[in-house]
Structures are given as structure tokens and as C-alpha cells.
file run_38.pdb (PDB, C-alpha atoms and all ligand atoms)
ATOM      1  CA  MET A   1     -15.699   3.319   4.777
ATOM      2  CA  SER A   2     -13.187   4.778   2.420
ATOM      3  CA  ARG A   3     -11.524   2.240   0.229
ATOM      4  CA  ILE A   4      -8.421   1.896  -1.863
ATOM      5  CA  ILE A   5      -9.288   0.485  -5.284
ATOM      6  CA  ALA A   6      -6.332  -1.284  -6.919
ATOM      7  CA  LEU A   7      -6.427  -2.064 -10.655
ATOM      8  CA  SER A   8      -4.233  -5.027 -11.476
ATOM      9  CA  GLY A   9      -3.044  -7.461 -14.083
ATOM     10  CA  GLY A  10      -1.183 -10.583 -13.034
ATOM     11  CA  ILE A  11       2.404 -10.832 -11.918
ATOM     12  CA  GLY A  12       3.481  -7.204 -11.398
ATOM     13  CA  GLY A  13       0.100  -6.106 -10.116
ATOM     14  CA  ALA A  14      -0.237  -8.990  -7.688
ATOM     15  CA  LYS A  15       3.054  -8.090  -5.999
ATOM     16  CA  LEU A  16       1.823  -4.622  -5.051
ATOM     17  CA  ALA A  17      -1.648  -5.968  -4.251
ATOM     18  CA  LEU A  18      -0.031  -8.306  -1.730
ATOM     19  CA  GLY A  19       1.883  -5.380  -0.204
ATOM     20  CA  LEU A  20      -1.333  -3.366   0.101
ATOM     21  CA  ALA A  21      -3.199  -6.365   1.551
ATOM     22  CA  SER A  22      -0.458  -6.718   4.163
ATOM     23  CA  LEU A  23      -0.987  -3.142   5.372
ATOM     24  CA  LEU A  24      -4.676  -2.351   4.957
ATOM     25  CA  PRO A  25      -7.657  -3.723   6.873
ATOM     26  CA  PRO A  26      -9.364  -6.112   4.405
ATOM     27  CA  GLU A  27     -12.550  -4.056   4.184
ATOM     28  CA  GLU A  28     -10.502  -1.092   2.950
ATOM     29  CA  LEU A  29      -9.015  -2.863  -0.081
ATOM     30  CA  LEU A  30     -10.776  -3.679  -3.333
ATOM     31  CA  ILE A  31      -8.625  -5.348  -5.987
ATOM     32  CA  VAL A  32      -9.953  -5.378  -9.537
ATOM     33  CA  ALA A  33      -8.438  -7.924 -11.907
ATOM     34  CA  ASN A  34      -8.088  -7.689 -15.659
ATOM     35  CA  THR A  35     -10.019 -10.433 -17.433
ATOM     36  CA  GLY A  36      -8.986  -9.565 -20.990
ATOM     37  CA  ASP A  37      -6.479 -12.457 -20.822
ATOM     38  CA  ASP A  38      -9.242 -14.970 -20.004
ATOM     39  CA  PHE A  39      -9.918 -17.766 -22.430
ATOM     40  CA  GLU A  40     -11.493 -21.139 -22.849
ATOM     41  CA  HIS A  41      -9.062 -24.014 -23.222
ATOM     42  CA  LEU A  42      -9.591 -27.787 -23.064
ATOM     43  CA  GLY A  43     -13.184 -27.008 -22.151
ATOM     44  CA  LEU A  44     -12.111 -24.945 -19.130
ATOM     45  CA  SER A  45     -12.626 -21.267 -18.253
ATOM     46  CA  ILE A  46      -9.197 -19.868 -17.459
ATOM     47  CA  SER A  47      -8.666 -16.444 -15.850
ATOM     48  CA  PRO A  48      -4.890 -15.996 -15.604
ATOM     49  CA  ASP A  49      -4.801 -12.622 -13.832
ATOM     50  CA  ILE A  50      -7.494 -13.558 -11.298
ATOM     51  CA  ASP A  51      -5.550 -16.748 -10.630
ATOM     52  CA  THR A  52      -2.199 -15.006 -10.182
ATOM     53  CA  LEU A  53      -3.823 -12.559  -7.762
ATOM     54  CA  THR A  54      -5.630 -15.363  -5.940
ATOM     55  CA  TYR A  55      -2.547 -17.516  -5.521
ATOM     56  CA  THR A  56      -0.363 -14.543  -4.555
ATOM     57  CA  LEU A  57      -2.794 -13.136  -1.987
ATOM     58  CA  ALA A  58      -3.334 -16.617  -0.543
ATOM     59  CA  GLY A  59       0.424 -17.239  -0.277
ATOM     60  CA  LEU A  60       0.106 -20.124  -2.748
ATOM     61  CA  ASP A  61       1.972 -18.617  -5.703
ATOM     62  CA  ASN A  62       4.792 -20.484  -7.371
ATOM     63  CA  PRO A  63       7.940 -18.379  -6.919
ATOM     64  CA  SER A  64      10.099 -20.400  -9.289
ATOM     65  CA  LEU A  65       7.679 -20.386 -12.242
ATOM     66  CA  GLY A  66       6.281 -16.892 -11.565
ATOM     67  CA  TRP A  67       2.777 -18.215 -12.407
ATOM     68  CA  GLY A  68       0.544 -21.011 -11.196
ATOM     69  CA  ARG A  69       0.502 -22.700  -7.805
ATOM     70  CA  ARG A  70       3.309 -23.713  -5.520
ATOM     71  CA  ASP A  71       3.997 -27.400  -4.776
ATOM     72  CA  GLU A  72       2.587 -28.191  -8.197
ATOM     73  CA  THR A  73       2.659 -31.606  -9.882
ATOM     74  CA  TRP A  74       2.199 -32.267 -13.583
ATOM     75  CA  SER A  75       0.586 -35.703 -14.010
ATOM     76  CA  PHE A  76      -2.324 -34.244 -15.994
ATOM     77  CA  MET A  77      -0.011 -32.500 -18.471
ATOM     78  CA  GLU A  78       2.228 -35.557 -18.870
ATOM     79  CA  THR A  79      -0.756 -37.795 -19.494
ATOM     80  CA  LEU A  80      -2.276 -35.310 -21.927
ATOM     81  CA  ALA A  81       1.023 -35.169 -23.845
ATOM     82  CA  ALA A  82       1.207 -38.979 -23.983
ATOM     83  CA  LEU A  83      -2.298 -38.985 -25.474
ATOM     84  CA  GLY A  84      -1.297 -36.450 -28.133
ATOM     85  CA  GLY A  85      -3.373 -33.641 -26.559
ATOM     86  CA  GLU A  86      -2.777 -29.899 -26.728
ATOM     87  CA  THR A  87       0.017 -28.979 -24.325
ATOM     88  CA  TRP A  88       1.139 -25.448 -25.260
ATOM     89  CA  PHE A  89      -0.714 -23.992 -22.271
ATOM     90  CA  ARG A  90       0.533 -25.677 -19.130
ATOM     91  CA  LEU A  91      -1.917 -26.543 -16.373
ATOM     92  CA  GLY A  92      -0.598 -28.089 -13.190
ATOM     93  CA  ASP A  93      -2.679 -30.638 -11.299
ATOM     94  CA  ARG A  94      -3.575 -28.307  -8.423
ATOM     95  CA  ASP A  95      -4.228 -25.396 -10.763
ATOM     96  CA  LEU A  96      -6.455 -27.664 -12.842
ATOM     97  CA  ALA A  97      -8.753 -28.267  -9.871
ATOM     98  CA  LEU A  98      -9.383 -24.533  -9.622
ATOM     99  CA  HIS A  99     -10.234 -24.283 -13.334
ATOM    100  CA  VAL A 100     -12.593 -27.260 -13.123
ATOM    101  CA  GLU A 101     -14.330 -25.751 -10.109
ATOM    102  CA  ARG A 102     -14.683 -22.332 -11.773
ATOM    103  CA  THR A 103     -15.882 -23.779 -15.087
ATOM    104  CA  GLN A 104     -18.477 -25.970 -13.455
ATOM    105  CA  ARG A 105     -19.887 -23.103 -11.391
ATOM    106  CA  LEU A 106     -19.975 -20.732 -14.363
ATOM    107  CA  ARG A 107     -21.833 -23.394 -16.355
ATOM    108  CA  ALA A 108     -24.313 -23.714 -13.500
ATOM    109  CA  GLY A 109     -25.048 -19.996 -13.928
ATOM    110  CA  GLU A 110     -22.910 -18.321 -11.251
ATOM    111  CA  THR A 111     -21.196 -15.065 -12.195
ATOM    112  CA  LEU A 112     -17.419 -14.830 -12.479
ATOM    113  CA  THR A 113     -17.586 -12.395  -9.540
ATOM    114  CA  ALA A 114     -19.350 -14.939  -7.326
ATOM    115  CA  VAL A 115     -16.970 -17.717  -8.323
ATOM    116  CA  THR A 116     -13.885 -15.538  -7.805
ATOM    117  CA  GLN A 117     -15.029 -14.412  -4.374
ATOM    118  CA  ARG A 118     -15.970 -17.930  -3.273
ATOM    119  CA  ILE A 119     -12.563 -19.318  -4.294
ATOM    120  CA  ALA A 120     -10.770 -16.368  -2.662
ATOM    121  CA  ALA A 121     -12.691 -16.913   0.575
ATOM    122  CA  ARG A 122     -11.965 -20.659   0.552
ATOM    123  CA  LEU A 123      -8.261 -19.850   0.222
ATOM    124  CA  GLY A 124      -8.368 -17.390   3.120
ATOM    125  CA  ILE A 125      -8.163 -14.099   1.191
ATOM    126  CA  ARG A 126      -9.853 -11.346   3.174
ATOM    127  CA  ALA A 127      -9.580  -8.307   0.892
ATOM    128  CA  THR A 128     -12.175  -8.124  -1.904
ATOM    129  CA  LEU A 129     -11.004  -9.473  -5.261
ATOM    130  CA  LEU A 130     -13.233  -8.803  -8.258
ATOM    131  CA  PRO A 131     -13.040  -9.452 -11.983
ATOM    132  CA  MET A 132     -13.314  -6.216 -13.976
ATOM    133  CA  SER A 133     -16.525  -7.539 -15.548
ATOM    134  CA  ASP A 134     -18.762 -10.599 -15.552
ATOM    135  CA  ASP A 135     -19.055 -10.287 -19.330
ATOM    136  CA  ALA A 136     -16.479 -11.753 -21.699
ATOM    137  CA  VAL A 137     -13.847  -9.268 -22.869
ATOM    138  CA  ARG A 138     -11.120 -10.811 -24.996
ATOM    139  CA  THR A 139      -7.842  -9.089 -25.750
ATOM    140  CA  ARG A 140      -6.612  -9.699 -29.278
ATOM    141  CA  ILE A 141      -3.303  -8.816 -30.838
ATOM    142  CA  ARG A 142      -2.876  -7.769 -34.460
ATOM    143  CA  THR A 143       0.359  -9.130 -35.915
ATOM    144  CA  PRO A 144       1.745  -9.423 -39.466
ATOM    145  CA  GLU A 145       0.042 -12.869 -39.465
ATOM    146  CA  GLY A 146      -3.337 -11.306 -38.649
ATOM    147  CA  TRP A 147      -5.297 -11.045 -35.403
ATOM    148  CA  LEU A 148      -4.353 -13.580 -32.730
ATOM    149  CA  ASP A 149      -6.240 -14.473 -29.569
ATOM    150  CA  PHE A 150      -4.255 -13.156 -26.633
ATOM    151  CA  GLN A 151      -3.051 -16.467 -25.192
ATOM    152  CA  HIS A 152      -2.153 -17.737 -28.668
ATOM    153  CA  TRP A 153       0.106 -14.741 -29.095
ATOM    154  CA  PHE A 154       1.358 -14.660 -25.490
ATOM    155  CA  VAL A 155       1.915 -18.318 -24.644
ATOM    156  CA  ARG A 156       1.697 -20.384 -27.816
ATOM    157  CA  GLU A 157       3.711 -17.932 -29.947
ATOM    158  CA  GLN A 158       5.807 -16.674 -26.958
ATOM    159  CA  CYS A 159       5.103 -13.007 -27.887
ATOM    160  CA  ARG A 160       7.218 -13.438 -31.045
ATOM    161  CA  PRO A 161       4.864 -11.958 -33.664
ATOM    162  CA  VAL A 162       5.319  -8.186 -33.819
ATOM    163  CA  VAL A 163       2.444  -6.258 -32.231
ATOM    164  CA  LEU A 164       0.729  -3.896 -34.660
ATOM    165  CA  ASP A 165      -2.394  -3.228 -32.645
ATOM    166  CA  VAL A 166      -4.280  -4.345 -29.540
ATOM    167  CA  ALA A 167      -8.057  -4.683 -29.257
ATOM    168  CA  PHE A 168     -10.393  -5.610 -26.420
ATOM    169  CA  ASP A 169     -13.186  -7.540 -28.106
ATOM    170  CA  GLY A 170     -16.469  -7.176 -26.298
ATOM    171  CA  ALA A 171     -15.315  -4.304 -24.056
ATOM    172  CA  ALA A 172     -17.624  -1.676 -25.541
ATOM    173  CA  GLY A 173     -20.695  -3.833 -24.908
ATOM    174  CA  ALA A 174     -19.555  -5.273 -21.574
ATOM    175  CA  ARG A 175     -20.770  -4.066 -18.207
ATOM    176  CA  ALA A 176     -18.028  -3.047 -15.811
ATOM    177  CA  ASN A 177     -18.338  -4.905 -12.531
ATOM    178  CA  PRO A 178     -21.210  -3.125 -10.741
ATOM    179  CA  ALA A 179     -19.268  -3.410  -7.460
ATOM    180  CA  LEU A 180     -16.369  -1.499  -9.034
ATOM    181  CA  LEU A 181     -18.670   1.273 -10.258
ATOM    182  CA  ALA A 182     -20.381   1.415  -6.856
ATOM    183  CA  ALA A 183     -17.007   1.640  -5.081
ATOM    184  CA  LEU A 184     -15.981   4.480  -7.393
ATOM    185  CA  ARG A 185     -19.201   6.323  -6.528
ATOM    186  CA  ALA A 186     -18.690   5.784  -2.787
ATOM    187  CA  GLN A 187     -15.872   8.318  -2.410
ATOM    188  CA  PRO A 188     -12.886   5.979  -2.482
ATOM    189  CA  ARG A 189      -9.728   7.037  -0.695
ATOM    190  CA  ALA A 190      -7.652   6.467  -3.831
ATOM    191  CA  ILE A 191      -7.263   4.476  -7.013
ATOM    192  CA  VAL A 192      -3.967   2.617  -7.357
ATOM    193  CA  ILE A 193      -2.900   1.445 -10.794
ATOM    194  CA  CYS A 194      -0.519  -1.399 -10.016
ATOM    195  CA  PRO A 195       2.775  -1.856 -11.920
ATOM    196  CA  SER A 196       1.104  -3.963 -14.586
ATOM    197  CA  ASN A 197       1.389  -3.919 -18.350
ATOM    198  CA  PRO A 198      -0.616  -0.806 -19.349
ATOM    199  CA  LEU A 199      -1.412  -2.156 -22.821
ATOM    200  CA  ILE A 200      -2.897  -5.526 -21.936
ATOM    201  CA  SER A 201      -3.527  -5.500 -18.182
ATOM    202  CA  VAL A 202      -4.781  -2.021 -17.238
ATOM    203  CA  GLU A 203      -6.225  -0.593 -20.465
ATOM    204  CA  PRO A 204      -8.809  -3.421 -20.782
ATOM    205  CA  ILE A 205     -10.208  -2.296 -17.398
ATOM    206  CA  LEU A 206     -10.194   1.353 -18.491
ATOM    207  CA  ALA A 207     -11.912   0.380 -21.775
ATOM    208  CA  LEU A 208     -15.072  -0.777 -20.008
ATOM    209  CA  PRO A 209     -17.955   1.669 -20.397
ATOM    210  CA  GLY A 210     -18.061   4.175 -17.570
ATOM    211  CA  VAL A 211     -14.852   3.203 -15.794
ATOM    212  CA  ARG A 212     -12.581   5.980 -17.014
ATOM    213  CA  ASP A 213     -15.241   8.639 -16.380
ATOM    214  CA  ALA A 214     -16.033   7.223 -12.947
ATOM    215  CA  ILE A 215     -12.333   7.361 -12.009
ATOM    216  CA  LEU A 216     -12.003  10.923 -13.285
ATOM    217  CA  GLY A 217     -15.232  11.938 -11.571
ATOM    218  CA  CYS A 218     -14.690  10.279  -8.187
ATOM    219  CA  GLY A 219     -12.472  13.054  -6.892
ATOM    220  CA  ALA A 220      -9.932  10.654  -5.364
ATOM    221  CA  PRO A 221      -6.212  10.707  -6.130
ATOM    222  CA  VAL A 222      -5.147   8.251  -8.824
ATOM    223  CA  LEU A 223      -1.669   6.850  -8.391
ATOM    224  CA  ALA A 224       0.183   4.554 -10.784
ATOM    225  CA  VAL A 225       3.409   2.675 -10.163
ATOM    226  CA  SER A 226       5.725   2.333 -13.148
ATOM    227  CA  PRO A 227       6.163  -1.218 -14.459
ATOM    228  CA  ILE A 228       9.243  -0.040 -16.367
ATOM    229  CA  ILE A 229      12.612   0.163 -14.638
ATOM    230  CA  GLY A 230      15.619   1.429 -16.587
ATOM    231  CA  GLY A 231      13.772   1.210 -19.896
ATOM    232  CA  GLN A 232      12.996  -2.484 -19.345
ATOM    233  CA  ALA A 233      10.071  -4.508 -18.088
ATOM    234  CA  VAL A 234      10.865  -6.560 -15.009
ATOM    235  CA  LYS A 235       9.134  -9.494 -16.707
ATOM    236  CA  GLY A 236       7.015  -9.966 -19.811
ATOM    237  CA  PRO A 237       6.466  -8.046 -23.025
ATOM    238  CA  THR A 238       5.606  -4.524 -21.785
ATOM    239  CA  ALA A 239       8.773  -2.841 -23.129
ATOM    240  CA  THR A 240       8.776  -4.745 -26.420
ATOM    241  CA  MET A 241       5.102  -4.007 -27.010
ATOM    242  CA  LEU A 242       5.586  -0.283 -26.360
ATOM    243  CA  ARG A 243       8.486  -0.265 -28.807
ATOM    244  CA  GLU A 244       6.570  -2.192 -31.472
ATOM    245  CA  LEU A 245       3.689   0.260 -31.116
ATOM    246  CA  GLY A 246       6.078   3.144 -31.732
ATOM    247  CA  THR A 247       6.983   4.420 -28.248
ATOM    248  CA  ALA A 248      10.403   4.166 -26.627
ATOM    249  CA  PRO A 249       9.790   2.187 -23.422
ATOM    250  CA  SER A 250      10.269   4.309 -20.319
ATOM    251  CA  ALA A 251       8.538   5.098 -17.068
ATOM    252  CA  ALA A 252       7.438   8.380 -18.674
ATOM    253  CA  ALA A 253       5.892   6.586 -21.658
ATOM    254  CA  VAL A 254       3.655   4.602 -19.324
ATOM    255  CA  ALA A 255       2.621   7.743 -17.408
ATOM    256  CA  GLN A 256       1.775   9.400 -20.706
ATOM    257  CA  ARG A 257      -0.473   6.494 -21.718
ATOM    258  CA  TYR A 258      -2.528   7.042 -18.547
ATOM    259  CA  GLY A 259      -2.574  10.767 -19.312
ATOM    260  CA  ALA A 260      -5.021  12.954 -17.413
ATOM    261  CA  LEU A 261      -6.146  10.049 -15.245
ATOM    262  CA  LEU A 262      -3.109  10.272 -12.961
ATOM    263  CA  THR A 263      -2.523  12.592 -10.036
ATOM    264  CA  HIS A 264       0.545  10.702  -8.699
ATOM    265  CA  TYR A 265       3.223   8.541 -10.302
ATOM    266  CA  VAL A 266       5.749   6.366  -8.502
ATOM    267  CA  MET A 267       9.013   5.574 -10.268
ATOM    268  CA  GLU A 268      12.671   4.852  -9.616
ATOM    269  CA  SER A 269      14.976   7.762  -8.838
ATOM    270  CA  ALA A 270      17.128   7.098 -11.907
ATOM    271  CA  GLU A 271      14.213   7.501 -14.357
ATOM    272  CA  ASP A 272      13.709  10.600 -16.456
ATOM    273  CA  ALA A 273      10.602  12.491 -15.323
ATOM    274  CA  ALA A 274      10.513  14.875 -18.307
ATOM    275  CA  GLY A 275       7.000  15.151 -19.706
ATOM    276  CA  ILE A 276       5.281  13.565 -16.700
ATOM    277  CA  ALA A 277       2.363  15.716 -15.541
ATOM    278  CA  PRO A 278       1.271  14.112 -12.231
ATOM    279  CA  LYS A 279       3.201  14.482  -8.996
ATOM    280  CA  VAL A 280       6.256  12.210  -9.159
ATOM    281  CA  ILE A 281       7.263  10.114  -6.162
ATOM    282  CA  ARG A 282      10.712   8.565  -6.337
ATOM    283  CA  ALA A 283      11.055   5.159  -4.712
ATOM    284  CA  PRO A 284      12.574   1.716  -5.245
ATOM    285  CA  THR A 285       9.916  -0.155  -7.235
ATOM    286  CA  LEU A 286      11.523  -3.560  -7.784
ATOM    287  CA  MET A 287       9.680  -6.059  -5.582
ATOM    288  CA  ARG A 288      11.686  -9.222  -4.988
ATOM    289  CA  THR A 289      10.708 -10.033  -1.420
ATOM    290  CA  LEU A 290       7.611  -9.588   0.706
ATOM    291  CA  LYS A 291       9.500  -6.807   2.467
ATOM    292  CA  ASP A 292       9.922  -4.975  -0.876
ATOM    293  CA  LYS A 293       6.209  -5.349  -1.628
ATOM    294  CA  ILE A 294       5.201  -3.962   1.747
ATOM    295  CA  ALA A 295       7.741  -1.123   1.488
ATOM    296  CA  LEU A 296       6.376  -0.057  -1.903
ATOM    297  CA  ALA A 297       2.789  -0.324  -0.643
ATOM    298  CA  ARG A 298       3.793   1.863   2.305
ATOM    299  CA  THR A 299       5.266   4.457  -0.095
ATOM    300  CA  VAL A 300       2.047   4.391  -2.129
ATOM    301  CA  LEU A 301      -0.174   4.843   0.916
ATOM    302  CA  ALA A 302       2.039   7.606   2.305
ATOM    303  CA  ALA A 303       1.842   9.480  -1.005
ATOM    304  CA  LEU A 304      -1.942   9.339  -0.849
TER
HETATM  305  P1  LIG A 401       0.674 -10.259 -16.365
HETATM  306  O1  LIG A 401      -0.785 -10.034 -16.631
HETATM  307  O2  LIG A 401       0.961 -11.530 -15.616
HETATM  308  O3  LIG A 401       1.575  -9.999 -17.518
HETATM  309  O4  LIG A 401       1.030  -9.218 -15.267
HETATM  310  P2  LIG A 401       1.095  -7.667 -15.092
HETATM  311  O5  LIG A 401       0.641  -6.916 -16.282
HETATM  312  O6  LIG A 401       0.496  -7.347 -13.773
HETATM  313  O7  LIG A 401       2.644  -7.578 -14.889
HETATM  314  C1  LIG A 401       3.576  -7.382 -15.909
HETATM  315  C2  LIG A 401       4.303  -6.104 -15.631
HETATM  316  O8  LIG A 401       4.722  -6.090 -14.266
HETATM  317  C3  LIG A 401       5.563  -5.924 -16.443
HETATM  318  O9  LIG A 401       5.455  -4.706 -17.119
HETATM  319  C4  LIG A 401       6.673  -5.866 -15.414
HETATM  320  O10 LIG A 401       7.669  -4.921 -15.744
HETATM  321  C5  LIG A 401       5.946  -5.433 -14.185
HETATM  322  N1  LIG A 401       6.598  -5.889 -12.959
HETATM  323  C6  LIG A 401       6.808  -7.170 -12.578
HETATM  324  N2  LIG A 401       7.473  -7.196 -11.404
HETATM  325  C7  LIG A 401       7.671  -5.901 -11.040
HETATM  326  C8  LIG A 401       8.309  -5.274  -9.920
HETATM  327  O11 LIG A 401       8.823  -5.925  -9.022
HETATM  328  N3  LIG A 401       8.317  -3.905  -9.902
HETATM  329  C9  LIG A 401       7.754  -3.157 -10.893
HETATM  330  N4  LIG A 401       7.805  -1.822 -10.790
HETATM  331  N5  LIG A 401       7.155  -3.717 -11.968
HETATM  332  C10 LIG A 401       7.108  -5.062 -12.027
END

call {"tool": "encode", "arguments": {"input": "run_38.pdb", "output": "C-alpha cells"}}
result
Amino acid sequence: MSRIIALSGGIGGAKLALGLASLLPPEELLIVANTGDDFEHLGLSISPDIDTLTYTLAGLDNPSLGWGRRDETWSFMETLAALGGETWFRLGDRDLALHVERTQRLRAGETLTAVTQRIAARLGIRATLLPMSDDAVRTRIRTPEGWLDFQHWFVREQCRPVVLDVAFDGAAGARANPALLAALRAQPRAIVICPSNPLISVEPILALPGVRDAILGCGAPVLAVSPIIGGQAVKGPTATMLRELGTAPSAAAVAQRYGALLTHYVMESAEDAAGIAPKVIRAPTLMRTLKDKIALARTVLAAL
């Protein structure tokens, strides 16, 4: 069996992952989620990118918020606020149940992989969804105020502090998910780097020991989709972060960050392709509807 391995963060990545899942037989799709955004909060183990992928693939995502679950209620948050608790990170009632379930199983000794797969199966997801590692990797952001934990910078501080540097604590000593390494050794059909933030969603996966070499060595095409359209991110801090780290945000800038890894790059027809080494495929990359997601996934698969 020859599989497509998709590397994904949360919102942007999940859109293409859903498109791919709509076209491919489930046994031919392996989706690997960034866990650098994971953190412990209110005693709970929270994995934002796994959750966005889970809810999106299960058709349970919240289209108006862009994160969390649909049909959400907020009694927990309201009660916590009334008690003077910490409310900067919002957890809906339904979402909370998932975090409680994950936390309790992790504490009982299950791996994050096992917990992720069990929850995905319970929600009817048929493709394989894996965390990038079962070990803790924690993205941290260096700002003029010092190093901040990722969610403190991203949610509590609303990405306001200027980004001077990004680090993936624990990555060098973490073990990449053995199922990812095995899939890379098993002659995959292709690697797809979803249109996620390269700096905080994809690079943590690539920072795990052995992953970059296994991708380069697997002989399969490696295709990325640009998360930048017209010099802007569709959502989130990708463009601002690139700028603060000294690069003008563009589709080309993202391709250059992935460097020699890429054989194919999908971007909008209006973007400047100067300086992009891999084969460029021009296509509409904005995914508003399910139809858009499937159309882009079809473009990706056709290119491969
Ligand atoms: P996060 O972990 O939730 O921030 O999610 P990702 O890293 O997966 O997604 C953020 C990136 O997705 C941003 O750089 C966005 O520009 C990009 N993105 C979101 N929606 C779209 C879309 O419809 N098309 C493309 N090409 N990129 C998108």
C-alpha cells in the first residue's frame, strides 16, 4: 500500500487534510499533526492542532469560531469566570469533555498516539491521524519580554509581542512518531506539506530527529501548498512572523524555508515564482467551502 503522508498544523492544514480525506481511501492517507502547540492548562492536556484536525475530519468543527467544536455551549467558562478562574484560553463544554478524556487516559499511561486514534475512531474518522511524537515538544517564542510559552504568546498575548526567535523545546531529544518513520520507510506515494504556518506548525515536525532525512531519503515527491496568498496569511500570524524574523512574507519565502525538501509547490497564479526551485503548480488555494478543499486536494493529487 502506497500512502500519502500529510504534515499539518491546525486550521489551514486541516482544510486540505479534509479535502484529501474526501478523495483518498482511508488506508492511503496518514495525517501527522504538529504537537508543538500542546500545553497543560487547568490540569488538562490540550493538543490544539490534533483537535482542529479531529473536529474538521469528523465534520464537527466550528465554522464561525474557526476553532473548537460546533454547537458549543460555554457554561464551564462562565462558571469559571464567576469563580475568578483563569479564562484567557477558552474551552467550550463539549471541547472540555475531549480534554478530560485525553488527560485521564494519558495519566493512566496511554500514549498520545493511542488516545488520538481512539478519539478519532469514536468520532468516525477513518484516515489515520497521528501526533508527530508521543514525547513533549513545546514551541516557545522569544520576544522583547523574554521567552514565552507558545499559547501565552499566541492566545493570552494575542501574538502582540514581536517575534525574535522560535524554539522547539524538547524536539532534539524527542522520538518522532515511530508510525511516521515506518510510513516514510515504506515507499510512500508522496509527502504533502499542508498550507500551515511553516514556522510553528510544520517546522516542529521537521525538527524531530530523523524526520527531515527520512523525507529526503524516501524517494517520494514532496509537495507543499503555500499558506500565503497575496503576501498575506489567510488567518493567523504567519505573515507577521515572517516579517518580524526578517523575511518579506510571500509564497516564495515559504518555499525557500522548506528549501531542498520540496519537489513541487502549489501557489496562486498571481504570486511571484522567482527564486522557487521546485516545480510550481498554479491553482486557486483559498479554501472556503468543502468544494474548494476537494478541488485543491484534487490538484495536489494530480500533480503527484
Ligand atoms: P494553526 O496551527 O491553527 O495556526 O494552523 P495552521 O498552521 O495549519 O494554519 C495557519 C495557516 O493556514 C496560515 O498561514 C494561513 O494563511 C493558512 N491558511 C488558512 N486557510 C487557508 C486557505 O484556505 N488556503 C491557504 N492556502 N492557506 C490557508

call {"tool": "resolve_selection", "arguments": {"input": "run_38.pdb", "expression": "the PyMOL selection byres (((not hetatm)) within 6 of (chain A and resi 401))", "output": "list in words"}}
result
Ser8, Gly9, Gly10, Ile11, Gly12, Gly13, Asp49, Pro195, Ser196, Asn197, Ser201, Ser226, Pro227, Ile228, Ala233, Val234, Lys235, Gly236, Thr238, Thr285, Leu286, Met287 and Arg288 of chain A

call {"tool": "residues_around", "arguments": {"input": "run_38.pdb", "residues": "segment 252-264 of chain A", "least_positions_apart": "4", "cutoff": "6 Å", "atoms": "all atoms listed in the file", "output": "list in words"}}
result
Pro221, Val222, Leu223, Ile276, Pro278, Lys279 and Val280 of chain A

call {"tool": "residues_around", "arguments": {"input": "run_38.pdb", "residues": "segment 154-160 of chain A", "least_positions_apart": "5", "cutoff": "9 Å", "atoms": "all atoms listed in the file", "output": "PyMOL selection string"}}
result
chain A and resi 88-89+149+236-237

call {"tool": "resolve_selection", "arguments": {"input": "run_38.pdb", "expression": "the PyMOL selection byres (((chain A and resi 168) around 7) and not hetatm)", "output": "list in words"}}
result
Gly36, Val137, Arg138, Thr139, Arg140, Val166, Ala167, Asp169, Gly170, Ala171 and Pro204 of chain A

call {"tool": "closest_residue", "arguments": {"input": "run_38.pdb", "among": "A:Glu244, A:Val225, A:Gly210, A:Ala121", "to": "Arg282 of chain A", "atoms": "all atoms listed in the file"}}
result
A:Val225

call {"tool": "closest_residue", "arguments": {"input": "run_38.pdb", "among": "A:Asn34, A:His99, A:Gly231, A:Trp74", "to": "Asn177 of chain A", "atoms": "only C-alpha atoms"}}
result
A:Asn34

call {"tool": "atom_distance", "arguments": {"input": "run_38.pdb", "atom1": "atom CA of Ile215 of chain A", "atom2": "atom CA of Ile50 of chain A"}}
result
21.5 Å

call {"tool": "atom_distance", "arguments": {"input": "run_38.pdb", "atom1": "atom CA of Lys293 of chain A", "atom2": "atom CA of Leu24 of chain A"}}
result
13.1 Å

call {"tool": "axis_aligned_box", "arguments": {"input": "run_38.pdb", "around": "segment 51-56 of chain A", "padding_each_side": "4 Å", "output": "JSON"}}
result
{"center_x": -3.0, "center_y": -15.0, "center_z": -7.6, "size_x": 13.3, "size_y": 13.0, "size_z": 14.1}

call {"tool": "closest_residue", "arguments": {"input": "run_38.pdb", "among": "A:Ile141, A:Leu42, A:Ala174, A:Ala297", "to": "Met241 of chain A", "atoms": "all atoms listed in the file"}}
result
A:Ile141

call {"tool": "closest_residue", "arguments": {"input": "run_38.pdb", "among": "A:Ser45, A:Thr56, A:Ser2, A:Asp71", "to": "Val115 of chain A", "atoms": "only C-alpha atoms"}}
result
A:Ser45

call {"tool": "resolve_selection", "arguments": {"input": "run_38.pdb", "expression": "the PyMOL selection byres (((chain A and resi 245) around 8) and not hetatm)", "output": "VMD selection string"}}
result
chain A and resid 163 to 165 241 to 244 246 to 247

call {"tool": "atom_distance", "arguments": {"input": "run_38.pdb", "atom1": "atom CA of Ser64 of chain A", "atom2": "atom CA of Leu91 of chain A"}}
result
15.2 Å

call {"tool": "closest_residue", "arguments": {"input": "run_38.pdb", "among": "A:Phe39, A:Trp153, A:Pro131, A:Ala136", "to": "Ala172 of chain A", "atoms": "all atoms listed in the file"}}
result
A:Ala136

call {"tool": "closest_residue", "arguments": {"input": "run_38.pdb", "among": "A:Ala97, A:Ala33, A:Ala273, A:Leu53", "to": "Ala176 of chain A", "atoms": "all atoms listed in the file"}}
result
A:Ala33

call {"tool": "residues_around", "arguments": {"input": "run_38.pdb", "residues": "Lys291 of chain A", "least_positions_apart": "3", "cutoff": "12 Å", "atoms": "only C-alpha atoms", "output": "list of chain:residue names"}}
result
A:Lys15, A:Leu16, A:Leu18, A:Gly19, A:Leu20, A:Ser22, A:Leu23, A:Pro284, A:Thr285, A:Leu286, A:Met287, A:Arg288, A:Ile294, A:Ala295, A:Leu296, A:Ala297, A:Arg298

call {"tool": "residues_around", "arguments": {"input": "run_38.pdb", "residues": "Asp51 of chain A", "least_positions_apart": "6", "cutoff": "9 Å", "atoms": "only C-alpha atoms", "output": "PyMOL selection string"}}
result
chain A and resi 10+67-69+95+98+116

call {"tool": "decode", "arguments": {"input": "run_38.pdb", "residues": "segment 4-19 of chain A", "atoms": "C-alpha atoms", "output": "compact mmCIF listing (two decimals), in the first residue's frame"}}
result
# COMPACT_ATOMS: atom_id res chain seq x y z
CA ILE A 4 0.12 9.89 1.11
CA ILE A 5 1.64 11.38 4.26
CA ALA A 6 0.23 14.84 5.05
CA LEU A 7 2.05 17.09 7.55
CA SER A 8 -0.34 19.53 9.16
CA GLY A 9 -0.86 22.22 11.73
CA GLY A 10 -4.37 23.27 12.67
CA ILE A 11 -6.71 25.45 10.68
CA GLY A 12 -5.04 25.73 7.25
CA GLY A 13 -3.70 22.20 7.32
CA ALA A 14 -6.99 20.66 8.38
CA LYS A 15 -8.78 22.18 5.39
CA LEU A 16 -6.53 20.39 2.91
CA ALA A 17 -6.49 17.25 5.06
CA LEU A 18 -10.28 17.16 4.80
CA GLY A 19 -10.05 17.54 1.01
